[in-house]
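Trainee: The following file, data-v6.pdb, comprises PDB, C-alpha atoms:
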```pdb
ATOM      1  CA  MET I1369      -2.206 -31.253  51.261  1.00  0.00           C
ATOM      2  CA  ALA I1370       1.498 -31.805  50.751  1.00  0.00           C
ATOM      3  CA  ALA I1371       3.809 -28.868  51.348  1.00  0.00           C
ATOM      4  CA  THR I1372       5.750 -27.468  48.406  1.00  0.00           C
ATOM      5  CA  ASP I1373       8.301 -24.777  47.738  1.00  0.00           C
ATOM      6  CA  VAL I1374       7.672 -21.637  45.677  1.00  0.00           C
ATOM      7  CA  ALA I1375      10.297 -22.444  43.024  1.00  0.00           C
ATOM      8  CA  SER I1376       8.591 -25.720  42.091  1.00  0.00           C
ATOM      9  CA  ILE I1377       5.247 -24.027  41.299  1.00  0.00           C
ATOM     10  CA  LEU I1378       6.566 -20.970  39.492  1.00  0.00           C
ATOM     11  CA  ASN I1379       5.053 -20.366  36.067  1.00  0.00           C
ATOM     12  CA  ASP I1380       7.119 -17.448  34.779  1.00  0.00           C
ATOM     13  CA  ASN I1381       8.718 -16.782  31.397  1.00  0.00           C
ATOM     14  CA  ASN I1382      11.262 -14.002  30.872  1.00  0.00           C
ATOM     15  CA  LYS I1383      10.387 -13.936  27.144  1.00  0.00           C
ATOM     16  CA  ASN I1384       7.115 -12.287  28.173  1.00  0.00           C
ATOM     17  CA  VAL I1385       8.829  -9.217  29.676  1.00  0.00           C
ATOM     18  CA  ARG I1386       8.341  -6.240  27.339  1.00  0.00           C
ATOM     19  CA  LYS I1387      10.372  -3.084  26.699  1.00  0.00           C
ATOM     20  CA  TRP I1388       9.076  -0.832  23.937  1.00  0.00           C
ATOM     21  CA  GLY I1389      12.169   1.001  22.730  1.00  0.00           C
ATOM     22  CA  THR I1390      10.878   1.288  19.157  1.00  0.00           C
ATOM     23  CA  GLN I1391       7.450   2.852  18.856  1.00  0.00           C
ATOM     24  CA  LEU I1392       5.327   5.346  16.968  1.00  0.00           C
ATOM     25  CA  LEU I1393       2.102   7.258  17.379  1.00  0.00           C
ATOM     26  CA  ALA I1394      -0.087   8.152  14.411  1.00  0.00           C
ATOM     27  CA  ILE I1395      -3.110  10.462  14.259  1.00  0.00           C
ATOM     28  CA  ALA I1396      -5.920  10.854  11.712  1.00  0.00           C
ATOM     29  CA  ASP I1397      -9.150  12.801  11.537  1.00  0.00           C
ATOM     30  CA  TYR I1398     -12.172  11.156  13.132  1.00  0.00           C
ATOM     31  CA  ALA I1399     -13.781  10.699   9.684  1.00  0.00           C
ATOM     32  CA  THR I1400     -10.913   8.369   8.673  1.00  0.00           C
ATOM     33  CA  GLU I1401     -11.770   4.675   8.591  1.00  0.00           C
ATOM     34  CA  MET I1402     -10.048   2.500  11.170  1.00  0.00           C
ATOM     35  CA  PRO I1403      -8.440  -0.790  10.073  1.00  0.00           C
ATOM     36  CA  THR I1404     -10.596  -3.893  10.166  1.00  0.00           C
ATOM     37  CA  ALA I1405      -7.442  -5.935  10.962  1.00  0.00           C
ATOM     38  CA  PHE I1406      -4.360  -4.504  12.663  1.00  0.00           C
ATOM     39  CA  PHE I1407      -1.988  -7.414  11.927  1.00  0.00           C
ATOM     40  CA  ASP I1408      -0.886  -9.438   8.913  1.00  0.00           C
ATOM     41  CA  ASP I1409      -1.568 -13.067   9.798  1.00  0.00           C
ATOM     42  CA  ALA I1410       1.172 -14.347   7.483  1.00  0.00           C
ATOM     43  CA  THR I1411       4.013 -12.345   9.047  1.00  0.00           C
ATOM     44  CA  GLY I1412       2.702 -11.372  12.481  1.00  0.00           C
ATOM     45  CA  LYS I1413       3.678  -7.773  11.708  1.00  0.00           C
ATOM     46  CA  PRO I1414       1.332  -4.769  11.939  1.00  0.00           C
ATOM     47  CA  ASN I1415      -0.493  -3.826   8.776  1.00  0.00           C
ATOM     48  CA  ALA I1416       0.426  -0.571   7.044  1.00  0.00           C
ATOM     49  CA  LEU I1417      -1.256   2.515   8.436  1.00  0.00           C
ATOM     50  CA  PRO I1418      -4.409   3.481   6.530  1.00  0.00           C
ATOM     51  CA  GLU I1419      -4.426   6.521   4.266  1.00  0.00           C
ATOM     52  CA  GLY I1420      -4.893   9.695   6.301  1.00  0.00           C
ATOM     53  CA  PHE I1421      -2.789   8.743   9.344  1.00  0.00           C
ATOM     54  CA  LYS I1422       0.272  10.868  10.087  1.00  0.00           C
ATOM     55  CA  VAL I1423       3.187   9.662  12.243  1.00  0.00           C
ATOM     56  CA  LEU I1424       4.316  12.325  14.723  1.00  0.00           C
ATOM     57  CA  GLY I1425       7.969  11.313  15.024  1.00  0.00           C
ATOM     58  CA  TYR I1426      10.240  11.097  18.043  1.00  0.00           C
ATOM     59  CA  ILE I1427       8.752  10.453  21.489  1.00  0.00           C
ATOM     60  CA  SER I1428      10.691  11.314  24.645  1.00  0.00           C
ATOM     61  CA  THR I1429      12.361   8.533  26.652  1.00  0.00           C
ATOM     62  CA  ASP I1430       9.494   8.697  29.150  1.00  0.00           C
ATOM     63  CA  GLY I1431       7.533   6.867  26.460  1.00  0.00           C
ATOM     64  CA  ALA I1432       3.771   6.580  26.119  1.00  0.00           C
ATOM     65  CA  LYS I1433       2.035   6.389  29.494  1.00  0.00           C
ATOM     66  CA  MET I1434      -1.429   4.856  29.550  1.00  0.00           C
ATOM     67  CA  SER I1435      -3.414   5.850  32.641  1.00  0.00           C
ATOM     68  CA  ARG I1436      -6.615   4.146  33.700  1.00  0.00           C
ATOM     69  CA  SER I1437      -9.024   4.992  36.489  1.00  0.00           C
ATOM     70  CA  THR I1438     -12.202   3.358  37.707  1.00  0.00           C
ATOM     71  CA  GLU I1439     -14.668   4.747  40.214  1.00  0.00           C
ATOM     72  CA  SER I1440     -17.326   2.792  42.071  1.00  0.00           C
ATOM     73  CA  SER I1441     -20.233   3.418  44.361  1.00  0.00           C
ATOM     74  CA  ASP I1442     -20.633   1.247  47.464  1.00  0.00           C
ATOM     75  CA  VAL I1443     -23.870   0.239  49.153  1.00  0.00           C
ATOM     76  CA  ASN I1444     -23.639  -0.151  52.917  1.00  0.00           C
ATOM     77  CA  ALA I1445     -25.989  -1.727  55.420  1.00  0.00           C
ATOM     78  CA  VAL I1446     -26.348  -1.315  59.174  1.00  0.00           C
ATOM     79  CA  GLN I1447     -25.606  -5.016  59.745  1.00  0.00           C
ATOM     80  CA  ASP I1448     -22.139  -5.053  58.121  1.00  0.00           C
ATOM     81  CA  LEU I1449     -19.076  -2.844  58.250  1.00  0.00           C
ATOM     82  CA  GLU I1450     -18.068  -3.901  54.742  1.00  0.00           C
ATOM     83  CA  PRO I1451     -20.084  -2.808  51.704  1.00  0.00           C
ATOM     84  CA  VAL I1452     -22.805  -5.252  50.695  1.00  0.00           C
ATOM     85  CA  ARG I1453     -22.596  -4.218  47.059  1.00  0.00           C
ATOM     86  CA  SER I1454     -20.398  -2.140  44.765  1.00  0.00           C
ATOM     87  CA  ASP I1455     -21.151  -0.813  41.273  1.00  0.00           C
ATOM     88  CA  ILE I1456     -18.759   0.789  38.790  1.00  0.00           C
ATOM     89  CA  THR I1457     -19.866   4.340  38.050  1.00  0.00           C
ATOM     90  CA  SER I1458     -17.144   5.439  35.626  1.00  0.00           C
ATOM     91  CA  ARG I1459     -14.057   4.278  33.764  1.00  0.00           C
ATOM     92  CA  ASN I1460     -11.479   6.590  32.190  1.00  0.00           C
ATOM     93  CA  ARG I1461      -8.461   5.952  29.929  1.00  0.00           C
ATOM     94  CA  THR I1462      -5.828   8.516  28.929  1.00  0.00           C
ATOM     95  CA  LEU I1463      -2.541   8.384  27.011  1.00  0.00           C
ATOM     96  CA  GLN I1464       0.208  10.913  27.790  1.00  0.00           C
ATOM     97  CA  LEU I1465       3.460  11.413  25.908  1.00  0.00           C
ATOM     98  CA  THR I1466       5.865  14.143  24.853  1.00  0.00           C
ATOM     99  CA  PHE I1467       6.733  14.651  21.202  1.00  0.00           C
ATOM    100  CA  LEU I1468      10.295  15.796  20.536  1.00  0.00           C
ATOM    101  CA  GLU I1469      10.224  16.730  16.853  1.00  0.00           C
ATOM    102  CA  MET I1470       9.178  20.366  16.646  1.00  0.00           C
ATOM    103  CA  ASN I1471       7.780  19.960  13.152  1.00  0.00           C
ATOM    104  CA  ALA I1472       4.625  21.298  11.543  1.00  0.00           C
ATOM    105  CA  TRP I1473       2.481  18.265  12.375  1.00  0.00           C
ATOM    106  CA  VAL I1474       3.375  18.210  16.076  1.00  0.00           C
ATOM    107  CA  LYS I1475       2.730  21.948  16.339  1.00  0.00           C
ATOM    108  CA  ALA I1476      -0.558  21.654  14.419  1.00  0.00           C
ATOM    109  CA  LEU I1477      -1.733  19.056  16.928  1.00  0.00           C
ATOM    110  CA  ALA I1478      -0.670  21.312  19.805  1.00  0.00           C
ATOM    111  CA  HIS I1479      -2.708  24.174  18.294  1.00  0.00           C
ATOM    112  CA  GLY I1480      -5.813  21.978  18.085  1.00  0.00           C
ATOM    113  CA  LEU I1481      -6.137  21.705  14.312  1.00  0.00           C
ATOM    114  CA  PRO I1482      -7.843  18.811  12.502  1.00  0.00           C
ATOM    115  CA  VAL I1483      -5.456  16.669  10.475  1.00  0.00           C
ATOM    116  CA  SER I1484      -7.083  17.872   7.258  1.00  0.00           C
ATOM    117  CA  SER I1485      -5.734  21.360   8.086  1.00  0.00           C
ATOM    118  CA  TRP I1486      -2.170  20.192   8.761  1.00  0.00           C
ATOM    119  CA  PRO I1487       0.542  21.105   6.233  1.00  0.00           C
ATOM    120  CA  THR I1488       1.232  18.506   3.551  1.00  0.00           C
ATOM    121  CA  LYS I1489       4.843  18.128   4.691  1.00  0.00           C
ATOM    122  CA  ASN I1490       5.996  18.160   8.281  1.00  0.00           C
ATOM    123  CA  ASP I1491       9.514  19.557   7.896  1.00  0.00           C
ATOM    124  CA  GLU I1492       9.189  22.766   5.890  1.00  0.00           C
ATOM    125  CA  GLY I1493       8.448  25.245   8.676  1.00  0.00           C
ATOM    126  CA  PHE I1494       5.104  26.353  10.099  1.00  0.00           C
ATOM    127  CA  GLU I1495       2.985  29.334  11.110  1.00  0.00           C
ATOM    128  CA  PHE I1496       0.007  28.989  13.446  1.00  0.00           C
ATOM    129  CA  THR I1497      -2.041  31.688  15.157  1.00  0.00           C
ATOM    130  CA  ASP I1498      -4.391  30.810  17.995  1.00  0.00           C
ATOM    131  CA  GLY I1499      -7.707  32.613  18.137  1.00  0.00           C
ATOM    132  CA  GLU I1500     -11.046  31.815  19.693  1.00  0.00           C
ATOM    133  CA  THR I1501     -11.202  28.073  20.428  1.00  0.00           C
ATOM    134  CA  SER I1502     -14.312  26.324  21.736  1.00  0.00           C
ATOM    135  CA  ASP I1503     -12.930  22.772  21.825  1.00  0.00           C
ATOM    136  CA  PHE I1504     -10.338  20.431  20.318  1.00  0.00           C
ATOM    137  CA  PRO I1505     -11.326  18.039  17.513  1.00  0.00           C
ATOM    138  CA  TYR I1506     -11.748  14.293  17.797  1.00  0.00           C
ATOM    139  CA  TYR I1507      -9.129  12.061  16.197  1.00  0.00           C
ATOM    140  CA  ARG I1508      -8.347   8.435  15.431  1.00  0.00           C
ATOM    141  CA  LEU I1509      -5.168   7.189  17.175  1.00  0.00           C
ATOM    142  CA  ILE I1510      -2.873   4.226  16.554  1.00  0.00           C
ATOM    143  CA  TRP I1511       0.205   3.393  18.664  1.00  0.00           C
ATOM    144  CA  ILE I1512       2.568   0.663  17.414  1.00  0.00           C
ATOM    145  CA  GLY I1513       5.483  -0.750  19.407  1.00  0.00           C
ATOM    146  CA  GLN I1514       8.218  -3.290  18.633  1.00  0.00           C
ATOM    147  CA  ASP I1515      10.086  -5.315  21.262  1.00  0.00           C
ATOM    148  CA  GLY I1516      13.056  -7.239  19.885  1.00  0.00           C
ATOM    149  CA  VAL I1517      14.205  -7.675  16.300  1.00  0.00           C
ATOM    150  CA  SER I1518      13.825 -10.043  13.348  1.00  0.00           C
ATOM    151  CA  THR I1519      12.038 -13.319  14.142  1.00  0.00           C
ATOM    152  CA  ASP I1520      12.413 -12.627  17.868  1.00  0.00           C
ATOM    153  CA  ALA I1521      10.294  -9.472  17.639  1.00  0.00           C
ATOM    154  CA  HIS I1522       6.962  -8.902  19.350  1.00  0.00           C
ATOM    155  CA  TYR I1523       4.601  -6.268  17.997  1.00  0.00           C
ATOM    156  CA  ARG I1524       1.918  -4.419  19.961  1.00  0.00           C
ATOM    157  CA  VAL I1525      -0.863  -2.264  18.536  1.00  0.00           C
ATOM    158  CA  GLU I1526      -3.058  -0.011  20.669  1.00  0.00           C
ATOM    159  CA  ALA I1527      -5.757   2.082  19.047  1.00  0.00           C
ATOM    160  CA  GLY I1528      -8.299   4.706  20.044  1.00  0.00           C
ATOM    161  CA  TYR I1529     -11.427   4.948  17.929  1.00  0.00           C
ATOM    162  CA  ARG I1530     -12.405   8.411  19.180  1.00  0.00           C
ATOM    163  CA  VAL I1531      -9.851  10.473  21.103  1.00  0.00           C
ATOM    164  CA  LYS I1532      -9.040  14.098  21.654  1.00  0.00           C
ATOM    165  CA  VAL I1533      -6.412  16.176  23.394  1.00  0.00           C
ATOM    166  CA  THR I1534      -7.701  16.954  26.875  1.00  0.00           C
ATOM    167  CA  ASN I1535      -4.531  18.233  28.545  1.00  0.00           C
ATOM    168  CA  GLN I1536      -1.269  19.873  27.495  1.00  0.00           C
ATOM    169  CA  GLY I1537       1.847  20.093  29.631  1.00  0.00           C
ATOM    170  CA  ASP I1538       4.594  22.682  29.813  1.00  0.00           C
ATOM    171  CA  ASN I1539       6.550  23.660  26.714  1.00  0.00           C
ATOM    172  CA  THR I1540      10.038  24.634  27.901  1.00  0.00           C
ATOM    173  CA  LYS I1541      12.826  26.145  25.837  1.00  0.00           C
ATOM    174  CA  ASN I1542      16.319  26.297  27.263  1.00  0.00           C
ATOM    175  CA  ARG I1543      19.928  25.446  26.488  1.00  0.00           C
ATOM    176  CA  SER I1544      20.167  22.004  28.079  1.00  0.00           C
ATOM    177  CA  ASP I1545      16.836  20.310  27.263  1.00  0.00           C
ATOM    178  CA  ALA I1546      15.157  19.456  23.986  1.00  0.00           C
ATOM    179  CA  GLU I1547      11.880  21.270  23.429  1.00  0.00           C
ATOM    180  CA  GLY I1548       8.874  18.979  23.740  1.00  0.00           C
ATOM    181  CA  GLU I1549       5.118  19.077  23.232  1.00  0.00           C
ATOM    182  CA  ASP I1550       3.422  17.265  26.115  1.00  0.00           C
ATOM    183  CA  GLN I1551      -0.001  16.002  25.017  1.00  0.00           C
ATOM    184  CA  THR I1552      -2.623  13.910  26.813  1.00  0.00           C
ATOM    185  CA  PHE I1553      -5.329  12.092  24.857  1.00  0.00           C
ATOM    186  CA  THR I1554      -8.584  10.880  26.399  1.00  0.00           C
ATOM    187  CA  PHE I1555     -10.386   7.893  24.869  1.00  0.00           C
ATOM    188  CA  PHE I1556     -14.120   8.003  24.174  1.00  0.00           C
ATOM    189  CA  ARG I1557     -16.555   5.420  22.835  1.00  0.00           C
ATOM    190  CA  ASP I1558     -17.077   5.728  19.101  1.00  0.00           C
ATOM    191  CA  PRO I1559     -20.829   5.660  18.340  1.00  0.00           C
ATOM    192  CA  LYS I1560     -20.101   4.541  14.750  1.00  0.00           C
ATOM    193  CA  THR I1561     -18.407   1.298  15.808  1.00  0.00           C
ATOM    194  CA  ASN I1562     -19.368   1.075  19.497  1.00  0.00           C
ATOM    195  CA  LYS I1563     -15.645   0.658  20.258  1.00  0.00           C
ATOM    196  CA  THR I1564     -13.339   2.667  22.518  1.00  0.00           C
ATOM    197  CA  PHE I1565      -9.962   0.945  22.689  1.00  0.00           C
ATOM    198  CA  TYR I1566      -8.147  -1.908  20.964  1.00  0.00           C
ATOM    199  CA  GLU I1567      -5.020  -3.742  22.155  1.00  0.00           C
ATOM    200  CA  GLY I1568      -3.317  -6.626  20.375  1.00  0.00           C
ATOM    201  CA  GLU I1569       0.076  -8.319  20.215  1.00  0.00           C
ATOM    202  CA  LYS I1570       1.648 -10.717  17.709  1.00  0.00           C
ATOM    203  CA  ILE I1571       4.969 -12.543  17.417  1.00  0.00           C
ATOM    204  CA  ALA I1572       6.977 -12.224  14.193  1.00  0.00           C
ATOM    205  CA  LYS I1573       6.908 -15.317  12.014  1.00  0.00           C
ATOM    206  CA  ALA I1574       9.884 -16.705  10.095  1.00  0.00           C
TER     207      ALA I1574
END
```
Can you give me the file's structure in the form of structure tokens?
Mentor:
Amino acid sequence: MAATDVASILNDNNKNVRKWGTQLLAIADYATEMPTAFFDDATGKPNALPEGFKVLGYISTDGAKMSRSTESSDVNAVQDLEPVRSDITSRNRTLQLTFLEMNAWVKALAHGLPVSSWPTKNDEGFEFTDGETSDFPYYRLIWIGQDGVSTDAHYRVEAGYRVKVTNQGDNTKNRSDAEGEDQTFTFFRDPKTNKTFYEGEKIAKA
């Protein structure tokens, strides 16, 4: 085989590097129907959010962090030091982000309320009182991101068919930092659709 240099066999494209500076996260009650199509084929842009989804506003510059973990169980034999078989025993997906708008919808989510119990408007103040809580509700979740502008834009949609808040971070109030609500969502399989997670990307069309 003839020798070659690395540069001559590179297959990279800097147009495929993504930075999601413009993004949103929307939440709806679990009873809300998910879209059958997330993109408009004619424009390449995401379809409008279905009725019932509420956009939760500013997200901190840390962005939306998707964490994934997989665990496996190995089978070992006396004849080999390496496993002779490995089977996946679990797979977990979580999404963590910090909301920066301290409005009624963000606070309602932090207090574990279903979307149907959220105030109609998000910017007219709020009052919530925690009492006995057995669990948080399940939600639908849609994240939409835009990289670039105009006909150079790429759009990404990520969706959870059955998610709930499974962890909440610190809520700090001081002079130098903006208050934030740190929320972590865990994704579960939806028995209605047999789906857990969707991810898609389109390029804007002229």
Trainee: Nearest to Thr1404 in chain I among I:Leu1392, I:Leu1417, I:Ala1546, I:Leu1477, with distances taken over all atoms listed in the file: which residue is it?
Mentor: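 Smallest distance to Thr1404 in chain I is found for I:Leu1417.
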Trainee: What lies within 7 Å of Lys1563 in chain I using all atoms listed in the file, ignoring chain neighbours under 3 positions off, as a PyMOL selection string?
Mentor: chain I and resi 1529+1557-1558
Trainee: Would you output that residue set with C-alpha atoms, as an mmCIF file, keeping the file's coordinate frame?
Mentor:
```
data_model
loop_
_atom_site.group_PDB
_atom_site.id
_atom_site.type_symbol
_atom_site.label_atom_id
_atom_site.label_comp_id
_atom_site.auth_asym_id
_atom_site.auth_seq_id
_atom_site.Cartn_x
_atom_site.Cartn_y
_atom_site.Cartn_z
ATOM 1 C CA TYR I 1529 -11.427 4.948 17.929
ATOM 2 C CA ARG I 1557 -16.555 5.420 22.835
ATOM 3 C CA ASP I 1558 -17.077 5.728 19.101
#
```
Trainee: Would you compute the distance between CA of Arg1530 in chain I and CA of Pro1559 in chain I? Give it in Å to one decimal.
Mentor: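 We find that CA of Arg1530 in chain I and CA of Pro1559 in chain I lie 8.9 Å from each other.
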Trainee: Quick one: distance from CA of Thr1390 in chain I to CA of Asp1515 in chain I in Å, one decimal?
Mentor: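 Here the two named atoms are 7.0 Å from each other.
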Trainee: Once the PyMOL selection byres ((chain I and resi 1432-1448) around 10) is applied to the coordinates I shared, what remains selected? I want it as a ChimeraX atom specification.
Mentor: /I:1388,1391-1393,1427-1431,1449-1467,1511,1552-1554
Trainee: Write out as a list in words each polymer residue whose atoms come within 8 Å of Glu1547 in chain I, counting all atoms listed in the file; drop sequence neighbours fewer than 3 positions from it.
Mentor: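 Close residues of Glu1547 in chain I: Leu1468, Met1470, Asn1539, Thr1540, Lys1541 and Asn1542 of chain I.
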Trainee: Neighbouring residues of Asp1397 in chain I were defined as those with any atom within 9 Å, considering all atoms listed in the file; residues of the same chain fewer than 5 positions away were excluded. Please report them as a PDB file with C-alpha atoms, in the frame of the given file.
Mentor:
```pdb
ATOM      1  CA  GLY I1420      -4.893   9.695   6.301  1.00  0.00           C
ATOM      2  CA  PHE I1421      -2.789   8.743   9.344  1.00  0.00           C
ATOM      3  CA  PRO I1482      -7.843  18.811  12.502  1.00  0.00           C
ATOM      4  CA  VAL I1483      -5.456  16.669  10.475  1.00  0.00           C
ATOM      5  CA  SER I1484      -7.083  17.872   7.258  1.00  0.00           C
ATOM      6  CA  PRO I1505     -11.326  18.039  17.513  1.00  0.00           C
ATOM      7  CA  TYR I1506     -11.748  14.293  17.797  1.00  0.00           C
ATOM      8  CA  TYR I1507      -9.129  12.061  16.197  1.00  0.00           C
ATOM      9  CA  ARG I1508      -8.347   8.435  15.431  1.00  0.00           C
ATOM     10  CA  LEU I1509      -5.168   7.189  17.175  1.00  0.00           C
TER      11      LEU I1509
END
```
Trainee: Which residues match the PyMOL selection byres ((chain I and resi 1570) around 6) in the file above, as a list in words?
Mentor: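 Applied to this file, the PyMOL selection byres ((chain I and resi 1570) around 6) selects Gly1412, His1522, Tyr1523, Glu1569 and Ile1571 of chain I.
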Trainee: With distances taken over only C-alpha atoms, which residue among I:Val1374, I:Ala1478, I:Thr1561, I:Ala1410 lies nearest Gly1537 in chain I?
Mentor: I:Ala1478
Trainee: Record the distance separating CA of His1479 in chain I and CA of Asp1498 in chain I, expressed in Å with one decimal.
Mentor: 6.9 Å
Trainee: Check the smallest atom-to-atom distance from each of I:Thr1519, I:Asn1379, I:Lys1422, I:Ser1502 to Thr1488 in chain I using only C-alpha atoms, then report the winner.
Mentor: I:Lys1422
Trainee: Please determine, counting all atoms listed in the file, which residue among I:Ile1377, I:Ala1476, I:Met1402, I:Ala1396 has the shortest atom-to-atom distance to Thr1564 in chain I.
Mentor: I:Met1402
Trainee: Starting from the shown file, work through the PyMOL selection byres ((chain I and resi 1527) around 7) and note down what comes out as a ChimeraX atom specification.
Mentor: /I:1509-1511,1525-1526,1528-1529,1565-1567
Trainee: Which centre and edge lengths in Å to one decimal define the box along x, y and z that fits every listed atom of range 1482-1495 of chain I plus 5 Å per side, as AutoDock Vina command-line options?
Mentor:
```
--center_x 0.8 --center_y 23.0 --center_z 8.0 --size_x 27.4 --size_y 22.7 --size_z 19.0
```
Trainee: Check which residues of range 1369-1462 of chain I sit at most 10 Å from range 1472-1475 of chain I using all atoms listed in the file, and return one row each with the closest pair of atoms and their distance in Å to one decimal, ordered by chain and rising number, as JSON lines.
Mentor:
```
{"residue": "I:Ile1395", "atom": "CA", "partner": "I:Trp1473", "partner_atom": "CA", "distance": 9.8}
{"residue": "I:Lys1422", "atom": "CA", "partner": "I:Trp1473", "partner_atom": "CA", "distance": 8.1}
{"residue": "I:Val1423", "atom": "CA", "partner": "I:Trp1473", "partner_atom": "CA", "distance": 8.6}
{"residue": "I:Leu1424", "atom": "CA", "partner": "I:Val1474", "partner_atom": "CA", "distance": 6.1}
{"residue": "I:Gly1425", "atom": "CA", "partner": "I:Val1474", "partner_atom": "CA", "distance": 8.4}
```
Trainee: Please dump the current selection as a CSV table (one decimal), in the coordinates of the input; keep C-alpha atoms.
Mentor:
```csv
chain,number,residue,atom,x,y,z
I,1395,ILE,CA,-3.1,10.5,14.3
I,1422,LYS,CA,0.3,10.9,10.1
I,1423,VAL,CA,3.2,9.7,12.2
I,1424,LEU,CA,4.3,12.3,14.7
I,1425,GLY,CA,8.0,11.3,15.0
```
Trainee: Compare I:Thr1497, I:Asn1471, I:Gln1514, I:Asn1490 by their minimum atom-to-atom distance to Arg1386 in chain I, counting only C-alpha atoms, and give me the closest one.
Mentor: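 Ranked by minimum distance to Arg1386 in chain I, first place goes to I:Gln1514.
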Trainee: The residues within 9 Å of (-2.8, -5.9, 9.1), using all atoms listed in the file and the coordinates of the file, should be reported as a list in words; which are they?
Mentor: Pro1403, Thr1404, Ala1405, Phe1406, Phe1407, Asp1408, Asp1409, Gly1412, Lys1413, Pro1414, Asn1415, Ala1416 and Leu1417 of chain I
